[in-house]
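Coordinates as given in final.txt (compact mmCIF, C-alpha atoms):
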# COMPACT_ATOMS: atom_id res chain seq x y z
CA MET J 1 0.00 0.00 0.00
CA ARG J 2 1.38 3.43 -0.91
CA THR J 3 1.55 6.19 1.66
CA ALA J 4 -0.15 9.52 0.77
CA SER J 5 2.17 12.43 0.09
CA LEU J 6 2.57 15.19 2.69
CA PRO J 7 0.70 17.89 0.68
CA THR J 8 -2.20 15.53 0.22
CA ALA J 9 -2.38 14.75 3.99
CA VAL J 10 -2.30 18.46 4.88
CA ALA J 11 -5.11 19.18 2.45
CA VAL J 12 -7.28 16.44 3.94
CA ALA J 13 -6.69 17.74 7.48
CA MET J 14 -7.59 21.30 6.47
CA LEU J 15 -10.76 20.10 4.76
CA ALA J 16 -11.83 18.13 7.88
CA ALA J 17 -11.21 21.17 10.09
CA ALA J 18 -13.28 23.36 7.80
CA CYS J 19 -16.17 20.89 7.87
CA HIS J 20 -15.99 20.74 11.67
CA ARG J 21 -16.14 24.55 11.94
CA GLY J 22 -19.07 24.61 9.59
CA GLY J 23 -20.99 22.11 11.74
CA GLU J 24 -20.35 24.21 14.82
CA ALA J 25 -21.60 27.34 13.08
CA GLU J 26 -24.91 25.65 12.28
CA ARG J 27 -25.46 24.59 15.91
CA LYS J 28 -27.63 27.08 17.78
CA PRO J 29 -26.59 27.94 21.37
CA ASP J 30 -28.90 27.62 24.36
CA GLU J 31 -31.28 25.21 22.61
CA VAL J 32 -31.82 23.24 25.87
CA ALA J 33 -32.68 24.30 29.38
CA VAL J 34 -29.75 22.35 30.88
CA ALA J 35 -26.26 22.65 29.43
CA VAL J 36 -23.51 20.24 30.50
CA ILE J 37 -19.97 21.03 29.34
CA ALA J 38 -16.51 19.71 30.17
CA SER J 39 -14.22 21.94 32.16
CA GLY J 40 -11.19 21.83 34.43
CA HIS J 41 -10.94 23.10 37.99
CA VAL J 42 -8.08 25.59 37.58
CA ASP J 43 -7.29 26.30 41.21
CA GLU J 44 -6.91 22.75 42.53
CA PRO J 45 -4.88 19.69 41.47
CA ALA J 46 -6.16 17.90 38.39
CA HIS J 47 -8.85 15.28 38.98
CA PRO J 48 -8.41 11.71 37.71
CA SER J 49 -11.04 12.56 35.09
CA LEU J 50 -12.41 15.85 33.85
CA PRO J 51 -15.37 17.05 35.97
CA ARG J 52 -18.53 18.41 34.36
CA LEU J 53 -20.18 21.77 34.66
CA VAL J 54 -23.95 21.69 34.93
CA ARG J 55 -25.83 24.85 34.02
CA LEU J 56 -29.44 25.12 35.24
CA PRO J 57 -32.00 27.90 34.69
CA ALA J 58 -33.02 29.80 37.83
CA ASP J 59 -36.54 28.37 37.85
CA VAL J 60 -35.19 24.78 37.71
CA VAL J 61 -32.87 25.52 40.65
CA GLN J 62 -35.77 26.92 42.65
CA ASN J 63 -38.16 24.07 41.85
CA ALA J 64 -35.50 21.46 42.66
CA GLY J 65 -34.89 23.04 46.07
CA ILE J 66 -31.12 23.12 45.55
CA LYS J 67 -29.25 24.29 48.66
CA THR J 68 -25.54 24.54 49.39
CA ALA J 69 -23.22 24.53 52.40
CA LYS J 70 -19.56 25.41 52.90
CA VAL J 71 -16.81 22.80 53.04
CA ILE J 72 -15.38 23.23 56.53
CA ARG J 73 -12.78 21.78 58.83
CA GLN J 74 -13.95 20.33 62.11
CA ALA J 75 -13.30 17.45 64.45
CA LEU J 76 -15.59 14.46 64.09
CA ALA J 77 -17.30 12.64 66.92
CA SER J 78 -16.43 8.95 67.21
CA THR J 79 -19.30 6.59 66.53
CA LEU J 80 -20.39 3.01 67.12
CA SER J 81 -21.89 0.91 64.32
CA LEU J 82 -24.82 -1.24 65.45
CA PRO J 83 -26.38 -3.75 63.04
CA GLY J 84 -30.10 -4.26 63.48
CA GLU J 85 -33.58 -4.07 61.98
CA VAL J 86 -36.75 -1.98 61.97
CA VAL J 87 -39.62 -3.11 64.22
CA SER J 88 -42.98 -1.64 65.12
CA ASP J 89 -43.67 0.11 68.42
CA PRO J 90 -45.64 -2.39 70.56
CA ASP J 91 -47.74 0.45 71.98
CA ARG J 92 -48.77 1.35 68.42
CA SER J 93 -49.49 -2.22 67.31
CA ALA J 94 -52.38 -4.64 67.75
CA ARG J 95 -53.47 -8.14 66.79
CA ILE J 96 -56.96 -8.93 65.51
CA SER J 97 -58.71 -11.94 67.05
CA SER J 98 -62.17 -13.09 68.14
CA PRO J 99 -62.89 -13.28 71.90
CA VAL J 100 -65.15 -16.31 71.33
CA ALA J 101 -65.33 -19.22 68.92
CA GLY J 102 -67.43 -18.79 65.80
CA ARG J 103 -67.32 -18.64 62.03
CA LEU J 104 -66.29 -15.68 59.86
CA GLU J 105 -69.28 -14.16 58.11
CA THR J 106 -67.62 -11.07 56.55
CA VAL J 107 -64.04 -9.76 56.23
CA THR J 108 -63.50 -6.11 55.25
CA PHE J 109 -59.79 -5.43 55.86
CA ARG J 110 -56.85 -6.01 53.49
CA GLU J 111 -53.07 -6.03 53.82
CA GLY J 112 -51.65 -2.56 53.34
CA GLY J 113 -55.00 -0.90 54.03
CA ARG J 114 -55.37 2.00 56.43
CA VAL J 115 -57.88 1.60 59.28
CA ASN J 116 -59.09 3.85 62.08
CA ARG J 117 -59.72 2.87 65.65
CA GLY J 118 -63.18 1.32 65.97
CA ASP J 119 -63.58 0.39 62.29
CA VAL J 120 -65.43 -2.92 61.76
CA LEU J 121 -62.92 -5.36 60.30
CA ALA J 122 -64.95 -8.58 60.29
CA LEU J 123 -68.23 -10.14 61.43
CA VAL J 124 -68.21 -13.48 63.26
CA ARG J 125 -71.31 -15.64 63.61
CA VAL J 126 -71.51 -16.86 67.22
CA PRO J 127 -74.50 -19.15 67.93
CA GLU J 128 -74.49 -18.69 71.72
CA LEU J 129 -74.33 -14.92 71.36
CA GLY J 130 -78.09 -14.84 70.75
CA ASN J 131 -78.73 -16.56 74.08
CA VAL J 132 -76.68 -13.97 75.95
CA ARG J 133 -78.46 -11.12 74.18
CA SER J 134 -81.87 -12.64 74.98
CA ALA J 135 -80.94 -13.11 78.64
CA PHE J 136 -79.74 -9.51 78.82
CA THR J 137 -82.94 -8.18 77.28
CA ALA J 138 -85.12 -10.23 79.65
CA ALA J 139 -83.12 -9.24 82.72
CA THR J 140 -83.27 -5.58 81.74
CA ALA J 141 -87.06 -5.73 81.36
CA ARG J 142 -87.55 -7.52 84.70
CA ALA J 143 -85.27 -5.04 86.45
CA LYS J 144 -87.23 -2.10 85.02
CA ALA J 145 -90.54 -3.60 86.15
CA ALA J 146 -89.16 -4.36 89.63
CA ARG J 147 -87.89 -0.81 90.00
CA SER J 148 -91.29 0.59 88.99
CA ASN J 149 -92.99 -1.68 91.55
CA ALA J 150 -90.61 -0.50 94.26
CA ALA J 151 -91.41 3.12 93.40
CA ARG J 152 -95.16 2.34 93.57
CA LEU J 153 -94.82 0.68 97.01
CA GLU J 154 -92.79 3.63 98.24
CA ALA J 155 -95.73 5.95 97.43
CA LEU J 156 -98.20 3.57 99.14
CA LEU J 157 -95.97 3.35 102.18
CA ALA J 158 -96.11 7.13 102.52
CA ASP J 159 -99.92 6.87 102.71
CA ARG J 160 -99.74 3.91 105.12
CA LEU J 161 -101.34 1.66 102.52
CA THR J 162 -98.58 -1.03 102.53
CA SER J 163 -96.05 -2.41 104.94
CA GLU J 164 -92.44 -1.31 105.13
CA GLN J 165 -91.33 -4.93 104.71
CA ALA J 166 -93.14 -5.22 101.36
CA TYR J 167 -91.43 -2.06 100.19
CA ARG J 168 -87.98 -3.30 101.26
CA ASP J 169 -88.54 -6.64 99.51
CA ALA J 170 -89.46 -4.82 96.28
CA VAL J 171 -86.33 -2.66 96.47
CA ALA J 172 -84.13 -5.71 97.05
CA GLN J 173 -85.67 -7.52 94.09
CA ALA J 174 -85.16 -4.50 91.81
CA ASP J 175 -81.52 -4.21 92.90
CA ALA J 176 -80.89 -7.92 92.22
CA LEU J 177 -82.45 -7.81 88.75
CA GLU J 178 -80.51 -4.67 87.83
CA ALA J 179 -77.28 -6.34 88.95
CA GLU J 180 -78.10 -9.36 86.78
CA ALA J 181 -78.78 -7.11 83.80
CA ARG J 182 -75.49 -5.26 84.34
CA SER J 183 -73.60 -8.53 84.54
CA LEU J 184 -75.08 -9.74 81.26
CA GLY J 185 -74.35 -6.36 79.65
CA GLU J 186 -70.72 -6.54 80.76
CA GLN J 187 -70.56 -10.07 79.39
CA LEU J 188 -71.71 -8.78 76.00
CA THR J 189 -69.22 -5.93 76.19
CA GLY J 190 -66.45 -8.38 77.03
CA LEU J 191 -67.37 -10.36 73.96
CA GLY J 192 -67.11 -7.19 71.92
CA ALA J 193 -70.78 -7.37 70.97
CA GLY J 194 -72.07 -4.36 72.92
CA SER J 195 -75.36 -4.42 74.72
CA THR J 196 -77.88 -3.52 72.02
CA SER J 197 -76.23 -3.12 68.59
CA GLY J 198 -75.86 -5.67 65.81
CA SER J 199 -77.58 -8.84 64.76
CA ALA J 200 -78.43 -11.32 67.52
CA PHE J 201 -75.81 -13.84 66.36
CA LEU J 202 -73.16 -11.60 64.72
CA LEU J 203 -70.12 -10.32 66.58
CA ALA J 204 -68.30 -7.30 65.10
CA LEU J 205 -64.50 -7.37 65.33
CA ARG J 206 -63.29 -3.76 65.46
CA ALA J 207 -59.85 -2.22 64.99
CA PRO J 208 -58.29 -1.75 68.45
CA THR J 209 -56.00 0.98 67.12
CA ALA J 210 -55.46 3.12 64.04
CA GLY J 211 -52.75 2.13 61.61
CA THR J 212 -51.79 0.04 58.59
CA VAL J 213 -52.80 -3.60 58.18
CA LEU J 214 -49.55 -5.59 58.17
CA SER J 215 -50.99 -9.08 57.77
CA ARG J 216 -54.28 -10.90 57.26
CA ASP J 217 -55.12 -14.53 57.89
CA ALA J 218 -58.90 -14.43 57.52
CA ILE J 219 -61.17 -16.00 54.89
CA VAL J 220 -64.96 -15.85 54.87
CA GLY J 221 -66.44 -19.08 56.22
CA GLN J 222 -63.43 -20.25 58.22
CA PRO J 223 -63.87 -21.17 61.90
CA VAL J 224 -62.17 -18.92 64.42
CA THR J 225 -61.11 -19.36 68.03
CA PRO J 226 -59.82 -16.90 70.65
CA ASP J 227 -56.24 -18.17 70.28
CA ARG J 228 -56.10 -17.59 66.51
CA THR J 229 -54.75 -14.29 65.14
CA LEU J 230 -56.67 -13.06 62.12
CA GLY J 231 -54.39 -10.12 61.32
CA SER J 232 -52.13 -7.42 62.70
CA ILE J 233 -52.20 -3.61 62.62
CA ALA J 234 -49.42 -1.11 63.33
CA ASP J 235 -49.16 2.65 63.31
CA LEU J 236 -45.98 3.17 61.24
CA SER J 237 -45.75 6.95 61.64
CA SER J 238 -42.96 6.19 64.11
CA VAL J 239 -41.00 2.96 64.44
CA TRP J 240 -38.04 1.50 66.32
CA PHE J 241 -34.64 0.41 65.11
CA LEU J 242 -33.26 -2.34 67.35
CA GLY J 243 -29.46 -2.35 67.14
CA ARG J 244 -27.21 -5.05 68.58
CA ILE J 245 -24.50 -3.95 71.04
CA PHE J 246 -21.47 -6.11 71.76
CA GLU J 247 -20.24 -6.32 75.33
CA LYS J 248 -16.98 -4.52 74.56
CA ASP J 249 -18.91 -1.45 73.30
CA LEU J 250 -21.45 -1.19 76.10
CA ALA J 251 -19.42 1.28 78.18
CA GLU J 252 -19.30 3.75 75.26
CA LEU J 253 -23.07 3.87 74.69
CA ARG J 254 -25.51 6.12 76.53
CA VAL J 255 -29.23 6.83 76.44
CA GLY J 256 -29.98 9.99 74.46
CA ALA J 257 -26.99 9.63 72.12
CA PRO J 258 -27.76 11.00 68.62
CA SER J 259 -27.95 8.31 65.97
CA GLU J 260 -28.16 7.92 62.22
CA VAL J 261 -29.62 4.79 60.62
CA GLU J 262 -28.73 3.56 57.13
CA LEU J 263 -30.87 0.74 55.72
CA ASN J 264 -29.79 -1.77 53.10
CA ALA J 265 -32.91 -0.97 51.07
CA PHE J 266 -32.16 2.79 50.94
CA PRO J 267 -28.37 3.26 50.92
CA ASP J 268 -28.69 6.91 49.85
CA ARG J 269 -31.05 7.82 52.71
CA HIS J 270 -30.22 8.32 56.37
CA PHE J 271 -32.75 8.44 59.17
CA SER J 272 -32.00 10.45 62.31
CA GLY J 273 -32.98 9.44 65.82
CA GLN J 274 -31.56 8.89 69.27
CA VAL J 275 -31.00 6.02 71.65
CA GLU J 276 -34.12 5.67 73.81
CA TYR J 277 -33.30 2.52 75.74
CA ILE J 278 -30.43 0.09 76.31
CA GLY J 279 -31.33 -3.51 77.13
CA GLN J 280 -30.69 -4.90 80.60
CA GLN J 281 -30.19 -8.55 79.62
CA ILE J 282 -27.52 -10.07 77.38
CA ASP J 283 -28.58 -12.57 74.76
CA PRO J 284 -26.57 -15.65 75.82
CA ALA J 285 -26.44 -17.04 72.28
CA VAL J 286 -24.68 -14.07 70.62
CA ARG J 287 -23.53 -12.12 73.71
CA THR J 288 -25.16 -8.85 72.67
CA LEU J 289 -27.71 -6.41 74.07
CA THR J 290 -30.33 -4.37 72.27
CA ALA J 291 -30.31 -0.59 71.80
CA ARG J 292 -33.66 0.94 70.86
CA ILE J 293 -33.54 3.94 68.52
CA GLY J 294 -36.75 5.84 67.81
CA LEU J 295 -37.33 6.94 64.20
CA THR J 296 -40.06 9.01 62.59
CA ASN J 297 -41.50 7.76 59.31
CA PRO J 298 -43.33 10.66 57.63
CA ASP J 299 -42.93 9.39 54.04
CA GLY J 300 -43.63 5.72 54.82
CA LEU J 301 -40.28 4.37 53.61
CA LEU J 302 -39.54 2.50 56.83
CA ARG J 303 -41.01 -0.99 56.77
CA ILE J 304 -41.03 -3.66 59.43
CA GLY J 305 -38.07 -6.04 59.17
CA LEU J 306 -35.72 -3.87 57.08
CA PHE J 307 -32.08 -4.50 57.99
CA GLY J 308 -29.43 -1.84 58.33
CA THR J 309 -26.80 -0.21 60.51
CA ALA J 310 -27.12 2.52 63.12
CA ARG J 311 -24.23 4.90 63.63
CA VAL J 312 -24.38 6.13 67.23
CA SER J 313 -22.29 8.98 68.62
CA LYS J 314 -19.92 8.08 71.45
CA GLY J 315 -19.61 11.63 72.72
CA PRO J 316 -18.49 15.15 71.72
CA PRO J 317 -16.14 15.69 68.73
CA ASN J 318 -12.46 15.08 69.37
CA GLY J 319 -9.18 14.79 67.50
CA GLU J 320 -7.71 16.94 64.73
CA PRO J 321 -10.06 19.00 62.52
CA ARG J 322 -10.73 17.41 59.17
CA LEU J 323 -12.18 18.56 55.88
CA VAL J 324 -15.86 17.57 56.10
CA VAL J 325 -19.17 18.02 54.27
CA PRO J 326 -22.75 17.13 55.24
CA ARG J 327 -23.55 13.53 54.41
CA THR J 328 -26.35 14.63 52.08
CA ALA J 329 -23.75 16.23 49.77
CA LEU J 330 -22.44 12.81 48.68
CA ILE J 331 -24.16 11.15 45.73
CA GLU J 332 -23.17 8.27 43.47
CA VAL J 333 -22.79 8.94 39.74
CA ALA J 334 -21.64 6.19 37.35
CA GLY J 335 -20.29 4.12 40.24
CA LYS J 336 -18.27 6.98 41.79
CA MET J 337 -18.92 9.09 44.87
CA VAL J 338 -19.19 12.72 43.83
CA VAL J 339 -20.31 16.10 45.12
CA PHE J 340 -21.49 19.11 43.15
CA VAL J 341 -19.71 22.42 43.81
CA ARG J 342 -21.50 25.69 43.04
CA HIS J 343 -19.42 28.35 41.31
CA ALA J 344 -19.87 32.10 41.62
CA ASP J 345 -21.38 32.27 38.11
CA GLY J 346 -24.12 29.81 39.09
CA ASP J 347 -22.67 26.71 37.41
CA TYR J 348 -22.43 23.43 39.31
CA GLU J 349 -19.24 21.38 38.97
CA GLN J 350 -19.10 17.66 39.57
CA HIS J 351 -16.15 16.58 41.74
CA ASP J 352 -15.07 12.98 42.19
CA VAL J 353 -14.23 12.64 45.89
CA VAL J 354 -12.74 10.09 48.24
CA PRO J 355 -14.77 9.94 51.49
CA GLY J 356 -13.08 9.06 54.75
CA GLU J 357 -14.48 8.54 58.22
CA ALA J 358 -18.10 9.38 58.92
CA SER J 359 -19.87 10.82 61.92
CA ILE J 360 -23.47 11.82 62.64
CA GLY J 361 -24.53 13.86 59.63
CA MET J 362 -20.97 14.61 58.46
CA VAL J 363 -18.40 12.82 56.29
CA GLU J 364 -14.66 13.42 55.97
CA ILE J 365 -13.42 14.18 52.44
CA VAL J 366 -9.90 12.83 51.87
CA SER J 367 -9.50 14.35 48.40
CA GLY J 368 -11.48 16.16 45.74
CA LEU J 369 -12.49 19.36 47.58
CA ARG J 370 -11.04 22.46 49.17
CA GLU J 371 -12.10 24.27 52.32
CA GLY J 372 -14.62 27.06 51.68
CA GLU J 373 -16.18 25.63 48.50
CA ASP J 374 -19.97 25.62 48.27
CA VAL J 375 -21.28 22.06 47.91
CA VAL J 376 -24.85 21.08 47.11
CA VAL J 377 -26.52 19.45 50.14
CA GLU J 378 -30.11 19.36 48.84
CA GLY J 379 -31.33 18.75 45.30
CA ALA J 380 -28.20 16.96 44.07
CA PHE J 381 -30.36 14.34 42.35
CA THR J 382 -31.50 16.97 39.82
CA LEU J 383 -27.87 17.66 38.92
CA LYS J 384 -27.13 13.94 38.70
CA SER J 385 -30.06 13.52 36.32
CA ALA J 386 -28.71 16.32 34.12
CA VAL J 387 -25.30 14.61 33.93
CA LEU J 388 -26.83 11.23 33.10
CA ARG J 389 -29.10 12.74 30.42
CA SER J 390 -26.06 14.35 28.84
CA THR J 391 -24.22 11.02 28.84
CA LEU J 392 -27.14 9.30 27.16
CA GLY J 393 -27.27 12.06 24.56
CA GLU J 394 -23.57 11.61 23.76
CA GLU J 395 -24.01 7.85 23.36
CA GLU J 396 -26.83 8.39 20.85
Let me see the file written as C-alpha cells.
Amino acid sequence: MRTASLPTAVAVAMLAAACHRGGEAERKPDEVAVAVIASGHVDEPAHPSLPRLVRLPADVVQNAGIKTAKVIRQALASTLSLPGEVVSDPDRSARISSPVAGRLETVTFREGGRVNRGDVLALVRVPELGNVRSAFTAATARAKAARSNAARLEALLADRLTSEQAYRDAVAQADALEAEARSLGEQLTGLGAGSTSGSAFLLALRAPTAGTVLSRDAIVGQPVTPDRTLGSIADLSSVWFLGRIFEKDLAELRVGAPSEVELNAFPDRHFSGQVEYIGQQIDPAVRTLTARIGLTNPDGLLRIGLFGTARVSKGPPNGEPRLVVPRTALIEVAGKMVVFVRHADGDYEQHDVVPGEASIGMVEIVSGLREGEDVVVEGAFTLKSAVLRSTLGEEE
C-alpha cells in the first residue's frame, strides 16, 4: 500500500477542520434548558477525570430546592456501628382476634390498608351470642318492672297503705335484677358485641388501634377461636430500630446519644434518631444487648423487618479538625462518589471525591475538595439527572 504524500495529507486535514467549523456554526446555542460542558478546575490539582459543569435555569434551581453549604474543617465525633432491623412500636401495634369461637361471616380489611380505631374489620357468627343477648334483654325488662314496683310501694308506704317490709322486699328484688342485667351487659361488652347493637348472632371485630394492616389470615367461612390471630395492625408513623451492642462497646453507649440509621434498602437515605433505651439482659447465644432507637416515618419508607446499621455517637467531637461536608452532599454517579460544587457564576461542577471517616450527619473528604467551597446538600439528584441525560445524549 502506498503512503499519501505530505501535501495531500495536509489538504485532507484542512478540509476536515473546515467541515468541523461549519458544523459548529450551524449549531444554535442555548437550545436546551440544561447545558452540560466539560471543564477543568483551575485552582486545585487535576482530577483523575475531567469534571462536568452543569448549568441550570433559575426556575429549575428553585423548583428542585437546591441548597448549598460550605466545606469546613472540624473534628468528628467517634461513633459506634450497630447492626439491626426496623420493628414496630408495641404500643402502636395490635393483633386482631375473636374473643369467642365462631365462624367468619364477613371480612373487610386487606393487607396494606389504612384503618381507624373502631372500624369494623370482620363479622363473626356466634350461635351462643343470641342466648346472651336474649338473657340480657329479659333481665333488663324484669329489672325495670321491679324498680317501677318499688317506686309504687314507696308511694303507698307514705300513705300507710302497705307495709315497710313489702317495700324493702321490692327494692331488694329491683336491685338484684338490675345487677343481673349489668352482669349480662358486661358479658356482651367483654365479647365485643355491645349491649344492644348488631344482629343477635353476629359479633363485630373492630380495629383496636389506628394504623396500617400488616398481615391478614382471615377467609370468609373459616372457623375462628380466641387463640387464633386473624391479622395485625401497626401505626408506622414512628417505628423502632433495634441495634445489637457487643459487650466490649457497652461502656461507650448512653441513652440519648444521637444516631443515624442507614438501611440496606435505601443506601442513599439516612434516618435520624436517638438512643431511647439500652437492654438490661444479654442474649446468651450471641452475647449482645439491644439498643432501641426511635425513628419518625413521615414518608412511609420505613417498613417492618428492614435490615441496616445505626451509627451512634460516642460523645463530643475530638481529634484533629478534618475537611468535612454534610452527608447529604455525597451522591453516586456512574459508580463513583461525587459532590457538586456551586461556582460564583451559578454553574455546578461535579467533583469525584474520596470519602473518609463518617460521623453523625458529616463525612470526611480525603481528596477532591477544598475548604470554603460551596457544595450542594439538597437537590443533588437533579444535577445527577442532568449529567446522566447528557451522557445518554452523547451515546446516541
Separation of atom CA of J:Ala174 from atom CA of J:Gln187, in Å and rounded to one decimal: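 Going from atom CA of J:Ala174 over to atom CA of J:Gln187 covers 20.0 Å.
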With all atoms listed in the file as the basis for distance, which of J:Glu164, J:Glu378, J:Glu260, J:Glu371 is at the shortest distance from J:Lys70? J:Glu371
Using all atoms listed in the file, which of the listed residues (J:Gly231, J:Pro284, J:Gly379, J:Gly273) sits closest to J:Arg311?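 Checking each of J:Gly231, J:Pro284, J:Gly379, J:Gly273 against J:Arg311, counting all atoms listed in the file, the winner is J:Gly273.
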Using all atoms listed in the file for the distances, tell me which of J:Gly84, J:Ala329, J:Phe246, J:Thr140 is nearest to J:Ala176.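 Result for the nearest residue to J:Ala176: J:Thr140.
Interatomic distance, atom CA of J:Ser237 to atom CA of J:Asp89: 9.9 Å.
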Non-local contacts of J:Thr106 (9 Å; only C-alpha atoms; under 2 positions in same chain excluded) as a list in words: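 Near J:Thr106, the qualifying residues are Leu104, Thr108, Leu121, Ala122, Leu123, Val124, Ile219, Val220 and Gly221 of chain J.
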Next, dump the selected residues to file, keeping only C-alpha atoms, as a short mmCIF file (atom, residue, chain, number, x, y, z; two decimals), keeping the file's coordinate frame.
data_model
loop_
_atom_site.label_atom_id
_atom_site.label_comp_id
_atom_site.auth_asym_id
_atom_site.auth_seq_id
_atom_site.Cartn_x
_atom_site.Cartn_y
_atom_site.Cartn_z
CA LEU J 104 -66.29 -15.68 59.86
CA THR J 108 -63.50 -6.11 55.25
CA LEU J 121 -62.92 -5.36 60.30
CA ALA J 122 -64.95 -8.58 60.29
CA LEU J 123 -68.23 -10.14 61.43
CA VAL J 124 -68.21 -13.48 63.26
CA ILE J 219 -61.17 -16.00 54.89
CA VAL J 220 -64.96 -15.85 54.87
CA GLY J 221 -66.44 -19.08 56.22
#
In terms of the shortest atom-to-atom distance over all atoms listed in the file, which of J:Leu263, J:Leu236, J:Leu184, J:Met362 is closest to J:Asn131?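 The shortest atom-to-atom distance to J:Asn131 comes from J:Leu184.
Distances to J:Pro99 were evaluated for J:Val54, J:Val87, J:Leu157, J:Val224 using all atoms listed in the file, and the minimum falls at J:Val224.
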Using atom CA of J:Asp159 and atom CA of J:Glu178 as the two end points, give the distance in Å to one decimal.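 Atom CA of J:Glu178 lies 27.0 Å from atom CA of J:Asp159.
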Near-J:Ala58 list (12 Å; only C-alpha atoms; drop same-chain fewer than 2 positions) as a list in words: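 Near neighbours after the sequence-gap exclusion: Ala33, Val34, Arg55, Leu56, Val60, Val61, Gln62, Asn63, Ala64, Gly65, Ile66, Asp345, Gly346 and Asp347 of chain J.
In this comparison, which uses all atoms listed in the file, the residue of J:Val377, J:Val100, J:Leu177, J:Ala166 approaching J:Thr137 most closely is J:Leu177.
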Got a sec to check which residues sit within 9 Å of (-51.8, -1.0, 70.5), counting all atoms listed in the file, and write them as a tab-separated table (two decimals) with C-alpha atoms, in the coordinates of the input?
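The result, written out as result.tsv:
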chain	number	residue	atom	x	y	z
J	89	ASP	CA	-43.67	0.11	68.42
J	90	PRO	CA	-45.64	-2.39	70.56
J	91	ASP	CA	-47.74	0.45	71.98
J	92	ARG	CA	-48.77	1.35	68.42
J	93	SER	CA	-49.49	-2.22	67.31
J	94	ALA	CA	-52.38	-4.64	67.75
J	95	ARG	CA	-53.47	-8.14	66.79
J	208	PRO	CA	-58.29	-1.75	68.45
J	209	THR	CA	-56.00	0.98	67.12
J	210	ALA	CA	-55.46	3.12	64.04
J	233	ILE	CA	-52.20	-3.61	62.62
J	234	ALA	CA	-49.42	-1.11	63.33
J	235	ASP	CA	-49.16	2.65	63.31
Enclose stretch 262-267 of chain J, meaning all of its atoms listed in the file, in a box aligned along x, y and z, pad it by 3 Å on each side, and list the centre and edge lengths in Å to one decimal, as lines of an AutoDock Vina configuration file.
center_x = -30.6
center_y = 0.9
center_z = 54.0
size_x = 10.5
size_y = 11.3
size_z = 12.2
Spatial neighbours of J:Gly185, max dist 7 Å, only C-alpha atoms, sep filter under 3 positions, as a PyMOL selection string: chain J and resi 136+181-182+188-189+195
Residues at most 8 Å from stretch 240-245 of chain J, counting all atoms listed in the file, excluding those fewer than 5 positions away in the same chain, as an mmCIF file with C-alpha atoms, in the frame of the given file?
data_model
loop_
_atom_site.group_PDB
_atom_site.id
_atom_site.type_symbol
_atom_site.label_atom_id
_atom_site.label_comp_id
_atom_site.auth_asym_id
_atom_site.auth_seq_id
_atom_site.Cartn_x
_atom_site.Cartn_y
_atom_site.Cartn_z
ATOM 1 C CA LEU J 82 -24.820 -1.240 65.450
ATOM 2 C CA PRO J 83 -26.380 -3.750 63.040
ATOM 3 C CA GLY J 84 -30.100 -4.260 63.480
ATOM 4 C CA GLU J 85 -33.580 -4.070 61.980
ATOM 5 C CA VAL J 86 -36.750 -1.980 61.970
ATOM 6 C CA VAL J 87 -39.620 -3.110 64.220
ATOM 7 C CA SER J 88 -42.980 -1.640 65.120
ATOM 8 C CA ASP J 89 -43.670 0.110 68.420
ATOM 9 C CA LEU J 250 -21.450 -1.190 76.100
ATOM 10 C CA THR J 288 -25.160 -8.850 72.670
ATOM 11 C CA LEU J 289 -27.710 -6.410 74.070
ATOM 12 C CA THR J 290 -30.330 -4.370 72.270
ATOM 13 C CA ALA J 291 -30.310 -0.590 71.800
ATOM 14 C CA ARG J 292 -33.660 0.940 70.860
ATOM 15 C CA ILE J 293 -33.540 3.940 68.520
ATOM 16 C CA GLY J 294 -36.750 5.840 67.810
ATOM 17 C CA LEU J 295 -37.330 6.940 64.200
ATOM 18 C CA THR J 309 -26.800 -0.210 60.510
ATOM 19 C CA ALA J 310 -27.120 2.520 63.120
#
